[in-house]
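Below is my_file31.cif, which holds mmCIF, C-alpha atoms.
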```cif
data_upload
loop_
_atom_site.label_atom_id
_atom_site.label_comp_id
_atom_site.auth_asym_id
_atom_site.auth_seq_id
_atom_site.Cartn_x
_atom_site.Cartn_y
_atom_site.Cartn_z
CA MET A 1 215.28 150.51 146.93
CA ASN A 2 214.67 154.21 147.27
CA LYS A 3 210.92 154.00 147.52
CA GLN A 4 209.23 151.77 150.03
CA PRO A 5 206.56 149.46 148.60
CA THR A 6 202.98 149.93 149.69
CA THR A 7 202.18 147.06 152.02
CA ASN A 8 198.84 147.97 153.56
CA ASN A 9 200.64 149.24 156.68
CA GLN A 10 202.49 145.96 157.06
CA GLN A 11 206.07 147.06 156.23
CA PRO A 12 208.97 146.02 158.35
CA THR A 13 210.04 148.96 160.46
CA THR A 14 213.60 150.14 160.79
CA ASN A 15 213.67 150.09 164.58
CA ASN A 16 213.91 147.15 166.91
CA LYS A 17 210.22 146.45 166.78
CA GLN A 18 209.22 143.44 164.73
CA PRO A 19 206.67 144.01 161.94
CA THR A 20 203.17 143.13 162.92
CA THR A 21 201.59 140.11 161.29
CA ASN A 22 197.99 140.54 162.38
CA ASN A 23 197.18 143.79 160.56
CA GLN A 24 196.09 142.02 157.39
CA GLN A 25 192.36 142.55 157.47
CA PRO A 26 190.29 140.03 155.53
CA ILE A 27 188.29 141.26 152.58
CA THR A 28 184.88 142.16 153.89
CA ASN A 29 181.63 141.95 151.94
CA ASN A 30 178.00 142.54 152.66
CA LYS A 31 177.30 138.87 152.22
CA GLN A 32 178.81 136.04 154.24
CA PRO A 33 181.50 134.28 152.18
CA THR A 34 180.32 131.06 150.59
CA LEU A 35 182.29 127.82 150.37
CA ARG A 36 181.56 125.32 147.62
CA LEU A 37 183.45 122.09 148.04
CA ARG A 38 183.42 118.82 146.10
CA SER A 39 185.28 116.64 148.59
CA VAL A 40 186.89 117.04 151.99
CA GLN A 41 188.47 113.60 151.88
CA ALA A 42 191.89 112.75 150.52
CA THR A 43 191.21 110.21 147.78
CA ASN A 44 193.31 108.14 145.42
CA ASN A 45 191.73 109.94 142.49
CA LYS A 46 194.36 112.40 141.34
CA PHE A 47 193.97 115.11 138.75
CA THR A 48 195.64 114.07 135.51
CA ASP A 49 197.27 117.46 135.03
CA ARG A 50 196.58 121.14 135.58
CA PHE A 51 194.37 121.52 132.52
CA SER A 52 192.11 118.59 133.47
CA ALA A 53 191.87 119.98 137.00
CA GLY A 54 190.88 123.31 135.48
CA GLU A 55 188.15 121.67 133.40
CA GLU A 56 186.65 120.12 136.52
CA LEU A 57 186.99 123.35 138.46
CA ALA A 58 185.36 125.26 135.59
CA GLU A 59 182.14 123.32 136.13
CA LEU A 60 182.09 124.31 139.80
CA VAL A 61 182.81 127.96 139.05
CA SER A 62 180.23 128.08 136.25
CA THR A 63 177.56 126.62 138.54
CA ALA A 64 178.35 129.23 141.18
CA ILE A 65 178.13 132.05 138.63
CA ASN A 66 174.80 130.74 137.35
CA GLN A 67 173.41 130.48 140.87
CA LEU A 68 174.00 134.07 141.90
CA GLU A 69 171.09 134.93 144.14
CA SER A 70 170.18 138.23 142.48
CA ARG A 71 170.73 139.05 138.85
CA ASP A 72 170.22 142.70 139.85
CA ASN A 73 173.65 142.48 141.45
CA TRP A 74 175.19 140.77 138.44
CA THR A 75 178.51 142.08 137.20
CA PHE A 76 181.01 140.71 134.71
CA PRO A 77 183.63 138.11 135.69
CA ILE A 78 187.36 138.22 135.01
CA VAL A 79 189.54 135.18 135.67
CA TYR A 80 192.92 135.95 137.24
CA ALA A 81 195.62 133.28 137.28
CA LEU A 82 198.68 133.16 139.49
CA PRO A 83 201.49 132.43 137.05
CA ARG A 84 202.88 130.26 136.09
CA GLY A 85 201.11 127.13 137.34
CA GLY A 86 197.73 128.79 137.68
CA ILE A 87 197.41 129.61 133.98
CA PRO A 88 196.67 126.06 132.67
CA VAL A 89 194.05 125.70 135.42
CA ALA A 90 192.50 129.09 134.69
CA LEU A 91 192.25 128.60 130.92
CA PRO A 92 189.26 126.21 130.95
CA ILE A 93 187.51 128.40 133.53
CA ALA A 94 187.84 131.56 131.45
CA ARG A 95 186.77 129.65 128.34
CA LYS A 96 183.73 128.21 130.13
CA LEU A 97 182.65 131.66 131.33
CA GLY A 98 183.60 133.39 128.08
CA CYS A 99 185.47 136.10 129.99
CA PRO A 100 188.95 137.69 129.94
CA LEU A 101 191.93 135.86 131.38
CA ASP A 102 194.42 138.00 133.28
CA VAL A 103 197.20 137.42 135.81
CA VAL A 104 198.13 138.66 139.27
CA ILE A 105 201.79 138.39 140.20
CA ALA A 106 202.66 137.35 143.76
CA LYS A 107 205.90 135.88 145.05
CA LYS A 108 206.81 134.10 148.25
CA ILE A 109 209.07 135.99 150.63
CA VAL A 110 211.98 133.83 151.78
CA THR A 111 215.31 134.40 153.45
CA THR A 112 218.65 133.53 151.88
CA THR A 113 219.43 131.23 154.78
CA ASN A 114 216.21 129.22 154.42
CA PRO A 115 214.85 129.61 150.87
CA GLU A 116 212.38 126.74 151.29
CA LEU A 117 210.47 128.40 154.13
CA ALA A 118 207.98 131.07 153.06
CA ILE A 119 207.74 133.88 155.60
CA GLY A 120 205.24 135.86 153.57
CA ALA A 121 204.19 136.87 150.07
CA VAL A 122 204.20 140.12 148.10
CA THR A 123 202.70 141.29 144.82
CA ASN A 124 204.47 143.41 142.24
CA ASP A 125 202.46 146.39 143.53
CA GLY A 126 203.70 145.83 147.08
CA ASN A 127 200.71 144.19 148.76
CA VAL A 128 202.15 142.03 151.53
CA ILE A 129 200.98 139.10 153.62
CA TRP A 130 203.31 138.03 156.42
CA SER A 131 203.40 134.66 158.11
CA ASN A 132 202.56 134.34 161.79
CA PRO A 133 204.93 135.64 164.50
CA ARG A 134 206.05 132.11 165.28
CA VAL A 135 207.75 132.01 161.87
CA ILE A 136 209.18 135.53 161.57
CA GLY A 137 209.53 136.50 165.21
CA ASN A 138 213.26 135.75 165.44
CA LEU A 139 214.20 137.53 162.22
CA SER A 140 215.65 141.03 162.30
CA CYS A 141 213.90 143.90 160.58
CA SER A 142 216.77 144.26 158.13
CA VAL A 143 216.45 140.61 157.09
CA LEU A 144 212.71 141.00 156.68
CA GLN A 145 213.10 144.14 154.58
CA GLU A 146 215.81 142.62 152.39
CA SER A 147 213.70 139.51 151.87
CA LEU A 148 210.66 141.63 151.01
CA ASP A 149 212.60 143.77 148.54
CA ARG A 150 214.07 140.70 146.85
CA ALA A 151 210.66 139.03 146.43
CA GLN A 152 209.02 142.19 145.14
CA ALA A 153 211.80 142.66 142.61
CA LYS A 154 211.08 139.15 141.29
CA ALA A 155 207.36 139.94 141.12
CA ARG A 156 208.02 143.16 139.21
CA SER A 157 210.32 141.36 136.80
CA GLN A 158 207.68 138.73 136.07
CA GLU A 159 204.99 141.39 135.70
CA LEU A 160 207.04 143.00 132.92
CA LEU A 161 207.25 139.66 131.11
CA PHE A 162 203.47 139.23 131.12
CA ALA A 163 202.50 142.87 130.48
CA ASP A 164 202.19 142.61 126.68
CA TYR A 165 200.00 139.51 126.83
CA ARG A 166 197.36 140.71 129.27
CA PRO A 167 193.85 141.75 128.16
CA GLN A 168 192.92 145.42 127.98
CA VAL A 169 190.00 145.39 130.39
CA ASN A 170 188.85 147.64 133.21
CA PRO A 171 188.40 145.44 136.30
CA LYS A 172 186.54 148.03 138.37
CA GLY A 173 183.31 146.49 139.67
CA ALA A 174 184.09 143.01 138.29
CA ILE A 175 183.86 139.59 139.91
CA ALA A 176 187.54 138.63 140.12
CA ILE A 177 187.97 134.85 140.10
CA LEU A 178 191.46 134.15 141.42
CA VAL A 179 192.87 130.78 140.34
CA ASP A 180 195.93 128.74 141.25
CA ASP A 181 196.87 125.08 140.69
CA GLY A 182 196.78 124.43 144.44
CA ILE A 183 196.95 126.24 147.75
CA ALA A 184 199.52 125.17 150.33
CA THR A 185 200.15 128.01 152.80
CA GLY A 186 197.71 130.44 151.21
CA MET A 187 200.06 133.42 151.44
CA THR A 188 200.55 134.07 147.72
CA ILE A 189 196.88 133.77 146.84
CA LEU A 190 195.89 136.00 149.78
CA ALA A 191 198.42 138.64 148.73
CA ALA A 192 196.91 138.47 145.22
CA ALA A 193 193.40 138.77 146.64
CA LEU A 194 194.46 141.82 148.59
CA ALA A 195 195.92 143.40 145.45
CA LEU A 196 192.74 142.81 143.46
CA LYS A 197 190.57 144.42 146.10
CA GLU A 198 192.80 147.36 146.95
CA ASN A 199 194.49 148.16 143.64
CA HIS A 200 191.96 147.05 141.03
CA GLN A 201 188.72 147.97 142.81
CA VAL A 202 186.91 144.77 141.89
CA ALA A 203 183.47 144.21 143.40
CA GLN A 204 184.11 140.66 144.62
CA VAL A 205 187.11 138.37 144.95
CA TRP A 206 186.45 134.65 144.48
CA ILE A 207 189.18 132.13 145.22
CA ALA A 208 189.17 128.95 143.15
CA SER A 209 191.61 126.05 143.26
CA PRO A 210 191.57 122.30 142.68
CA VAL A 211 192.98 121.55 146.12
CA ALA A 212 193.67 123.22 149.47
CA PRO A 213 194.30 121.94 153.02
CA ARG A 214 191.14 121.53 155.04
CA GLU A 215 192.65 123.46 157.96
CA LEU A 216 193.18 126.49 155.72
CA LEU A 217 189.54 126.79 154.58
CA PRO A 218 188.33 129.10 157.37
CA LYS A 219 191.06 131.63 156.61
CA LEU A 220 190.46 131.45 152.86
CA LYS A 221 186.74 131.98 153.45
CA GLN A 222 187.47 135.14 155.40
CA TRP A 223 189.39 136.59 152.49
CA SER A 224 186.99 135.75 149.65
CA TYR A 225 183.40 136.37 148.64
CA ARG A 226 183.21 132.84 147.28
CA LEU A 227 185.61 129.96 147.93
CA LEU A 228 185.53 127.21 145.30
CA ILE A 229 187.66 124.14 146.07
CA LEU A 230 187.43 120.65 144.56
CA LYS A 231 189.37 118.76 147.24
CA ALA A 232 190.21 119.77 150.82
CA PRO A 233 192.01 116.85 152.47
CA SER A 234 193.05 116.84 156.11
CA SER A 235 196.37 115.23 155.15
CA PHE A 236 197.98 117.56 152.62
CA LEU A 237 201.82 117.60 152.52
CA SER A 238 202.11 119.16 149.04
CA VAL A 239 200.08 120.21 146.00
CA SER A 240 201.97 117.86 143.69
CA ARG A 241 200.70 114.69 145.38
CA PHE A 242 197.20 115.42 144.03
CA TYR A 243 198.35 115.35 140.40
CA VAL A 244 199.57 112.55 138.16
CA HIS A 245 201.55 115.02 136.04
CA PHE A 246 202.78 118.14 137.81
CA GLY A 247 205.82 119.32 135.90
CA GLN A 248 206.97 122.91 136.13
CA VAL A 249 205.17 125.32 133.78
CA ASP A 250 207.84 127.28 131.93
CA THR A 251 207.47 130.98 131.27
CA GLN A 252 207.24 130.69 127.48
CA SER A 253 204.43 128.15 127.72
CA ALA A 254 202.52 130.38 130.13
CA LEU A 255 202.98 133.42 127.90
CA HIS A 256 201.89 131.46 124.85
CA ASP A 257 198.71 130.27 126.55
CA LEU A 258 197.84 133.77 127.75
CA GLU A 259 198.55 135.29 124.34
CA ARG A 260 196.57 132.67 122.46
CA TYR A 261 193.53 133.01 124.71
CA ASN A 262 193.47 136.79 124.60
CA CYS A 263 194.06 136.82 120.81
CA LYS A 264 197.10 139.04 121.01
CA SER A 265 198.93 139.57 117.73
#
```

Can you dump the structure from the file as structure tokens?
Amino acid sequence: MNKQPTTNNQQPTTNNKQPTTNNQQPITNNKQPTLRLRSVQATNNKFTDRFSAGEELAELVSTAINQLESRDNWTFPIVYALPRGGIPVALPIARKLGCPLDVVIAKKIVTTTNPELAIGAVTNDGNVIWSNPRVIGNLSCSVLQESLDRAQAKARSQELLFADYRPQVNPKGAIAILVDDGIATGMTILAAALALKENHQVAQVWIASPVAPRELLPKLKQWSYRLLILKAPSSFLSVSRFYVHFGQVDTQSALHDLERYNCKS
């Protein structure tokens, strides 16, 4: 890649020094971030599927929107899904709020030798979140850069697929409600939050998801103006265990849902 991606000063360097992982500053706001949580206990009650989880989450998001402390500070919401799995969850939320539904593309950064272990996440625009030094500390800068470039190329490729189906809306000054079907490590959704704040100039970033690990809540709160989670169990393991049906969302289905909602012809 001839041009280095913009990574908020978090690019791997080309010398022997390892890239820093603590330069990712949380999104700061004038108001202390607010957490709204339905349950912190792991229960046997699973979400039927992504859409039903989104319907339940829509009630929580709608209540939070309606309870904004000052209508003088009111601004319009836009729901942003992380494709592909976030789109069926985001659909009922956007419909409930009567607002546009858009996407933010973020991909996990992995190495070829261990593709199951995420060492970071990057958006198509090059906003990067790295894992902690314990995870990436033994990797060379060349491996980190190659892994970053590979993940960003995937993000850019997916962004091109979704480009024609996105709404034509100016997000500057909006409440950006960032939605995924579940949060495991938090890296992809935090990279997306960073992109919304830095590249799209939204007024607030809200993070909304049916489920996230309880131990991750403090970090998510630091990075969002509002954090809206239905379940936050202490025993997590994987997102899929909180759903009855959690099949992969294919690209065509995601594109169809986005196109249908935004009335693209």

| said: Can you translate the PyMOL selection byres ((chain A and resi 188) around 7) into the concrete residues it hits in this file, as a list in words? | reply: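 With the shown file as input, the PyMOL selection byres ((chain A and resi 188) around 7) matches Ala106, Lys107, Lys108, Ala121, Gly186, Met187, Ile189, Leu190, Ala191 and Ala192 of chain A.
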
Restricting the output to C-alpha atoms, write the selected residues as a compact mmCIF listing (two decimals), keeping the file's coordinate frame.
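Here's the written file out-v9.txt:
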```
# COMPACT_ATOMS: atom_id res chain seq x y z
CA ALA A 106 202.66 137.35 143.76
CA LYS A 107 205.90 135.88 145.05
CA LYS A 108 206.81 134.10 148.25
CA ALA A 121 204.19 136.87 150.07
CA GLY A 186 197.71 130.44 151.21
CA MET A 187 200.06 133.42 151.44
CA ILE A 189 196.88 133.77 146.84
CA LEU A 190 195.89 136.00 149.78
CA ALA A 191 198.42 138.64 148.73
CA ALA A 192 196.91 138.47 145.22
```

| task | Tell me which residues the PyMOL selection byres ((chain A and resi 53) around 12) grabs here, as a PyMOL selection string. | result | chain A and resi 45-52+54-60+85-93+179-182+208-211+229-231+242-246

| query | Is there a way to get, as a VMD selection string, all residues within 8 Å of the point (214.8, 137.8, 154.2) in file coordinates, counting all atoms listed in the file? | reply | chain A and resid 109 to 112 142 to 148 150

| Of the candidates A:Ala212, A:Val135, A:Leu68, A:Val104, which one gets nearest to Ala193 (chain A) if we count only C-alpha atoms? | A:Val104

| remark: Students should find that CA of Ile177 (chain A) and CA of Ile207 (chain A) are spaced 5.9 Å

| said: Need the shell around Leu97 (chain A): protein/DNA/RNA residues with any atom at most 9 Å away, counting only C-alpha atoms. Skip same-chain ones fewer than 6 positions apart. Format as a list in words? | reply: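 So, after excluding close chain neighbours, the residues are Ala58, Val61, Ser62, Ile65, Pro77, Ile78 and Val79 of chain A.
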
| Between CA of Leu227 (chain A) and CA of Thr123 (chain A), distance in Å (one decimal) |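 CA of Thr123 (chain A) lies 20.7 Å from CA of Leu227 (chain A).
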
| query | Contacts of region 100-103 of chain A at 6 Å or less, counting only C-alpha atoms, minus same-chain residues fewer than 6 places along, as a list in words? | reply |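 Result of the neighbour search: Ile78, Val79, Tyr80, Ala81, Leu82, Ala94 and Arg166 of chain A.
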
| task | Work out how far apart CA of Leu220 (chain A) and CA of Val169 (chain A) are and give it in Å to one decimal. | result | 26.4 Å

| message | Running the PyMOL selection byres ((chain A and resi 154) around 10) on this model by hand, what would come out? Give it as an MDAnalysis selection string. | response | chainID A and resid 105:108 122:124 149:153 155:159

Convert the current residue selection to file output with C-alpha atoms, as a tab-separated table (two decimals), keeping the file's coordinate frame.
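Writing done, so here's result.tsv:
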```tsv
chain	number	residue	atom	x	y	z
A	105	ILE	CA	201.79	138.39	140.20
A	106	ALA	CA	202.66	137.35	143.76
A	107	LYS	CA	205.90	135.88	145.05
A	108	LYS	CA	206.81	134.10	148.25
A	122	VAL	CA	204.20	140.12	148.10
A	123	THR	CA	202.70	141.29	144.82
A	124	ASN	CA	204.47	143.41	142.24
A	149	ASP	CA	212.60	143.77	148.54
A	150	ARG	CA	214.07	140.70	146.85
A	151	ALA	CA	210.66	139.03	146.43
A	152	GLN	CA	209.02	142.19	145.14
A	153	ALA	CA	211.80	142.66	142.61
A	155	ALA	CA	207.36	139.94	141.12
A	156	ARG	CA	208.02	143.16	139.21
A	157	SER	CA	210.32	141.36	136.80
A	158	GLN	CA	207.68	138.73	136.07
A	159	GLU	CA	204.99	141.39	135.70
```

| field | Among the residues A:Pro167, A:Pro213, A:Pro233, A:Gly247, the one that comes closest to Glu259 (chain A) [using all atoms listed in the file] | value |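 Answer, going by the shortest atom-to-atom distance: A:Pro167.
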
As AutoDock Vina command-line options, please report the centre and edge lengths, rounded to one decimal in Å, of the axis-aligned box that holds all listed atoms of region 199-209 of chain A with 8 Å of padding on each of the six sides.
```
--center_x 189.0 --center_y 137.1 --center_z 143.1 --size_x 27.0 --size_y 38.1 --size_z 20.2
```

| task | Select, from A:Cys141, A:Ser235, A:Arg226, A:Lys221, the residue with the minimum atom-to-atom distance to Gln67 (chain A), counting all atoms listed in the file. | result |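 Ranked by minimum distance to Gln67 (chain A), first place goes to A:Arg226.
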
| task | Enumerate, as a list in words, the protein, DNA and RNA residues whose atoms approach (207.8, 136.0, 159.2) to within 8 Å, taking into account all atoms listed in the file and the coordinate frame of the file. | result |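 Those residues lying close to the given coordinates are Thr21, Ala118, Ile119, Gly120, Trp130, Ser131, Asn132, Pro133, Arg134, Val135, Ile136, Gly137, Leu139 and Leu144 of chain A.
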